[in-house]
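**Q** Structure provided below as structure tokens; questions to follow.
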Amino acid sequence: MNKLMLEISNAGYADRLLTDRQLARIVGGSPQRRYGLVNRALKTKELLRLQRGLYMLEGKYRSHACHPFHLAQSLVSGSYVSLETALAFQGWIPEAVYVTACVVPGRKSRDYEHEQMGKFTFHPLAIDKGYFLELVERVQVNQQTMLVAKPIRALMDLVCLRKMDWRGLDWIETGLRIDREYLQSVTGDELNTLKRVYKQKKVQKFLTELELALEL
């Protein structure tokens, strides 16, 4: 085992995402020593660079794989998983989704792709900052924490992103492939909460029509 891998494992960080600052604390010594160890580990692919200043150990040194949702939060601070990705994760749509789609605060959209971890997209939305994390829950998988939108929040984020017009429950079932039984599990309190989240009038109208259609 590479000396750097051994030091990281002994420090209990084998399953964590690592920043330059954390590596400096674990390895100690001079910056030159640290750069040398990191560069050797990158060349042997025992250490993987995810983006500048962010790393993880190769799979055989970990007790479980890094979950892409967990990585997403480290790639863009403050983001949460939503849109089709969250709908698929929550079982609301049948299709497999191969992109980790997230919502971010601010105004800058980003795309990121890693040969092992896949593709990530980050989308800003017209959301009231004070309600940014409404109906977003903290989920744990293999001791990895991630923020994931609840299904109705993910759906409305999608409506907001695509600027969708209301076309009825039948269209949601056929166009978005969401079963009506899932929609009927939505509560009036959830819709009222979401009315405080979005700034777009089109989204507000969609929420009002959905509330009427569900007789909430």
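In the structure tokens, the first chain shown is A, the next is B, and so on; residue numbers restart at 1 for each chain, and ligands run from 1 in the order shown.
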Set the distance at 12 Å and use only C-alpha atoms: which residues neighbour Lys129 (chain A) once local chain neighbours fewer than 5 positions away are removed? I'd like the list as JSON, numbers by chain.

**A** {"A": [78, 104, 105, 106, 107, 124, 134, 196, 197, 198, 199]}

**Q** Could you tell me, as a PDB file with C-alpha atoms, in the first residue's frame, which residues of region 18-173 of chain A DSSP assigns to helix (DSSP H, G or I) when given the backbone?

**A**
```
ATOM      1  CA  ASP A  20      -5.979  19.659   0.187  1.00  0.00           C
ATOM      2  CA  ARG A  21      -6.316  21.020   3.722  1.00  0.00           C
ATOM      3  CA  GLN A  22      -7.295  17.617   5.112  1.00  0.00           C
ATOM      4  CA  LEU A  23      -4.420  15.928   3.292  1.00  0.00           C
ATOM      5  CA  ALA A  24      -2.009  18.477   4.733  1.00  0.00           C
ATOM      6  CA  ARG A  25      -3.276  17.725   8.241  1.00  0.00           C
ATOM      7  CA  ILE A  26      -3.094  13.940   7.750  1.00  0.00           C
ATOM      8  CA  VAL A  27       0.294  13.799   6.043  1.00  0.00           C
ATOM      9  CA  PRO A  31       4.299  20.911   1.248  1.00  0.00           C
ATOM     10  CA  GLN A  32       6.919  19.326  -1.029  1.00  0.00           C
ATOM     11  CA  ARG A  33       6.583  15.996   0.784  1.00  0.00           C
ATOM     12  CA  ARG A  34       2.807  16.129   0.512  1.00  0.00           C
ATOM     13  CA  TYR A  35       2.872  17.041  -3.188  1.00  0.00           C
ATOM     14  CA  GLY A  36       5.250  14.172  -3.852  1.00  0.00           C
ATOM     15  CA  LEU A  37       3.055  11.618  -2.081  1.00  0.00           C
ATOM     16  CA  VAL A  38      -0.121  12.924  -3.734  1.00  0.00           C
ATOM     17  CA  ASN A  39       1.400  12.954  -7.219  1.00  0.00           C
ATOM     18  CA  ARG A  40       2.702   9.398  -6.850  1.00  0.00           C
ATOM     19  CA  ALA A  41      -0.697   8.194  -5.654  1.00  0.00           C
ATOM     20  CA  LEU A  42      -2.428   9.958  -8.568  1.00  0.00           C
ATOM     21  CA  LYS A  43      -0.078   8.347 -11.075  1.00  0.00           C
ATOM     22  CA  GLY A  59     -12.379   1.715  -4.633  1.00  0.00           C
ATOM     23  CA  LYS A  60     -10.244  -1.129  -3.277  1.00  0.00           C
ATOM     24  CA  TYR A  61      -9.134   1.071  -0.362  1.00  0.00           C
ATOM     25  CA  PRO A  68     -22.722  10.287  -6.469  1.00  0.00           C
ATOM     26  CA  PHE A  69     -25.302  12.235  -4.439  1.00  0.00           C
ATOM     27  CA  HIS A  70     -22.774  12.624  -1.644  1.00  0.00           C
ATOM     28  CA  LEU A  71     -20.131  13.741  -4.100  1.00  0.00           C
ATOM     29  CA  ALA A  72     -22.507  16.312  -5.609  1.00  0.00           C
ATOM     30  CA  GLN A  73     -22.679  18.209  -2.319  1.00  0.00           C
ATOM     31  CA  SER A  74     -18.878  18.441  -2.237  1.00  0.00           C
ATOM     32  CA  LEU A  75     -18.576  19.489  -5.875  1.00  0.00           C
ATOM     33  CA  LEU A  83     -35.346  17.038 -10.769  1.00  0.00           C
ATOM     34  CA  GLU A  84     -35.507  13.660 -12.597  1.00  0.00           C
ATOM     35  CA  THR A  85     -32.674  12.283 -10.470  1.00  0.00           C
ATOM     36  CA  ALA A  86     -34.612  12.690  -7.221  1.00  0.00           C
ATOM     37  CA  LEU A  87     -37.870  11.522  -8.844  1.00  0.00           C
ATOM     38  CA  ALA A  88     -36.171   8.294  -9.941  1.00  0.00           C
ATOM     39  CA  PHE A  89     -34.437   7.846  -6.572  1.00  0.00           C
ATOM     40  CA  LYS A 129     -33.582  32.194  -0.635  1.00  0.00           C
ATOM     41  CA  GLY A 130     -35.364  31.867   2.679  1.00  0.00           C
ATOM     42  CA  TYR A 131     -37.175  28.730   1.481  1.00  0.00           C
ATOM     43  CA  PRO A 151     -40.802  13.951  -4.780  1.00  0.00           C
ATOM     44  CA  ILE A 152     -43.235  16.874  -4.989  1.00  0.00           C
ATOM     45  CA  ARG A 153     -40.365  19.351  -4.538  1.00  0.00           C
ATOM     46  CA  ALA A 154     -38.366  17.582  -7.276  1.00  0.00           C
ATOM     47  CA  LEU A 155     -41.405  17.726  -9.574  1.00  0.00           C
ATOM     48  CA  MET A 156     -41.931  21.435  -8.981  1.00  0.00           C
ATOM     49  CA  ASP A 157     -38.221  22.135  -9.451  1.00  0.00           C
ATOM     50  CA  LEU A 158     -38.589  20.443 -12.835  1.00  0.00           C
ATOM     51  CA  VAL A 159     -41.645  22.579 -13.645  1.00  0.00           C
ATOM     52  CA  CYS A 160     -39.663  25.682 -12.680  1.00  0.00           C
ATOM     53  CA  LEU A 161     -36.557  24.714 -14.660  1.00  0.00           C
ATOM     54  CA  ARG A 162     -38.461  23.833 -17.838  1.00  0.00           C
ATOM     55  CA  LEU A 169     -53.124  15.364 -14.283  1.00  0.00           C
ATOM     56  CA  ASP A 170     -53.406  13.136 -17.349  1.00  0.00           C
ATOM     57  CA  TRP A 171     -50.439  14.920 -18.914  1.00  0.00           C
ATOM     58  CA  ILE A 172     -48.358  14.477 -15.747  1.00  0.00           C
ATOM     59  CA  GLU A 173     -49.135  10.753 -15.907  1.00  0.00           C
TER      60      GLU A 173
END
```

**Q** I need the residues of region 18-216 of chain A that end up classed as strand (DSSP E or B) by DSSP on the backbone, written out as a PyMOL selection string.

**A** chain A and resi 18-19+47-51+54-57+80-81+99-104+110-114+118-124+127+136-141+144-149+198

**Q** Counting only C-alpha atoms, which of A:Gly175, A:Ile127, A:Leu207, A:His114 gets nearest to Asp189 (chain A)?

**A**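 Among the listed residues, A:Leu207 lies closest to Asp189 (chain A).
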
**Q** At what distance in Å, to one decimal, does CA of Val97 (chain A) lie from CA of Thr121 (chain A)?

**A**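 Taking CA of Thr121 (chain A) and CA of Val97 (chain A), their separation equals 12.3 Å.
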
**Q** Please determine, counting only C-alpha atoms, which residue among A:Leu57, A:Leu194, A:Arg180, A:Thr100 has the shortest atom-to-atom distance to Lys150 (chain A).

**A**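 The closest residue to Lys150 (chain A) is A:Leu194.
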
**Q** Considering only C-alpha atoms, return as a list in words whatever protein or nucleic-acid residues lie within 9 Å of Arg16 (chain A), sequence-local ones (same chain, fewer than 6 positions apart) excluded.

**A**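 Listing them by chain and then by number gives Tyr55, Met56, Leu57, Arg62, Cys66 and Gln144 of chain A.
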
**Q** Go ahead and write the residues just picked, N, CA, C and O atoms, as a PDB file, in the first residue's frame.

**A**
```pdb
ATOM      1  N   TYR A  55     -10.335  15.030  -3.567  1.00  0.00           N
ATOM      2  CA  TYR A  55      -9.844  13.699  -3.911  1.00  0.00           C
ATOM      3  C   TYR A  55     -10.643  12.623  -3.178  1.00  0.00           C
ATOM      4  O   TYR A  55     -11.338  12.892  -2.206  1.00  0.00           O
ATOM      5  N   MET A  56     -10.490  11.382  -3.661  1.00  0.00           N
ATOM      6  CA  MET A  56     -10.973  10.230  -2.902  1.00  0.00           C
ATOM      7  C   MET A  56     -10.070   9.048  -3.202  1.00  0.00           C
ATOM      8  O   MET A  56      -9.382   9.011  -4.241  1.00  0.00           O
ATOM      9  N   LEU A  57     -10.084   8.065  -2.303  1.00  0.00           N
ATOM     10  CA  LEU A  57      -9.301   6.865  -2.518  1.00  0.00           C
ATOM     11  C   LEU A  57      -9.967   5.981  -3.557  1.00  0.00           C
ATOM     12  O   LEU A  57     -11.190   5.943  -3.679  1.00  0.00           O
ATOM     13  N   ARG A  62     -11.505   1.490  -0.069  1.00  0.00           N
ATOM     14  CA  ARG A  62     -12.697   1.970   0.620  1.00  0.00           C
ATOM     15  C   ARG A  62     -13.541   0.790   1.078  1.00  0.00           C
ATOM     16  O   ARG A  62     -13.517  -0.284   0.463  1.00  0.00           O
ATOM     17  N   CYS A  66     -18.211   5.496  -3.171  1.00  0.00           N
ATOM     18  CA  CYS A  66     -18.688   6.862  -2.971  1.00  0.00           C
ATOM     19  C   CYS A  66     -20.003   7.043  -3.724  1.00  0.00           C
ATOM     20  O   CYS A  66     -20.086   6.764  -4.921  1.00  0.00           O
ATOM     21  N   GLN A 144     -23.022   7.895   4.334  1.00  0.00           N
ATOM     22  CA  GLN A 144     -22.772   9.089   3.527  1.00  0.00           C
ATOM     23  C   GLN A 144     -24.035   9.944   3.535  1.00  0.00           C
ATOM     24  O   GLN A 144     -25.115   9.468   3.207  1.00  0.00           O
TER      25      GLN A 144
END
```

**Q** Let me make sure I understand: among A:Gln184, A:Gln204, A:Thr193, A:Thr44, which one has the smallest atom-to-atom distance to Leu216 (chain A) if we use only C-alpha atoms?

**A**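 Using only C-alpha atoms, Leu216 (chain A) sits closest to A:Gln184.
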
**Q** Pick the closest to Glu209 (chain A) from A:Gly118, A:Leu18, A:Leu176, A:Arg167: which is it, counting only C-alpha atoms?

**A**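 Comparing A:Gly118, A:Leu18, A:Leu176, A:Arg167 against Glu209 (chain A), the winner is A:Arg167.
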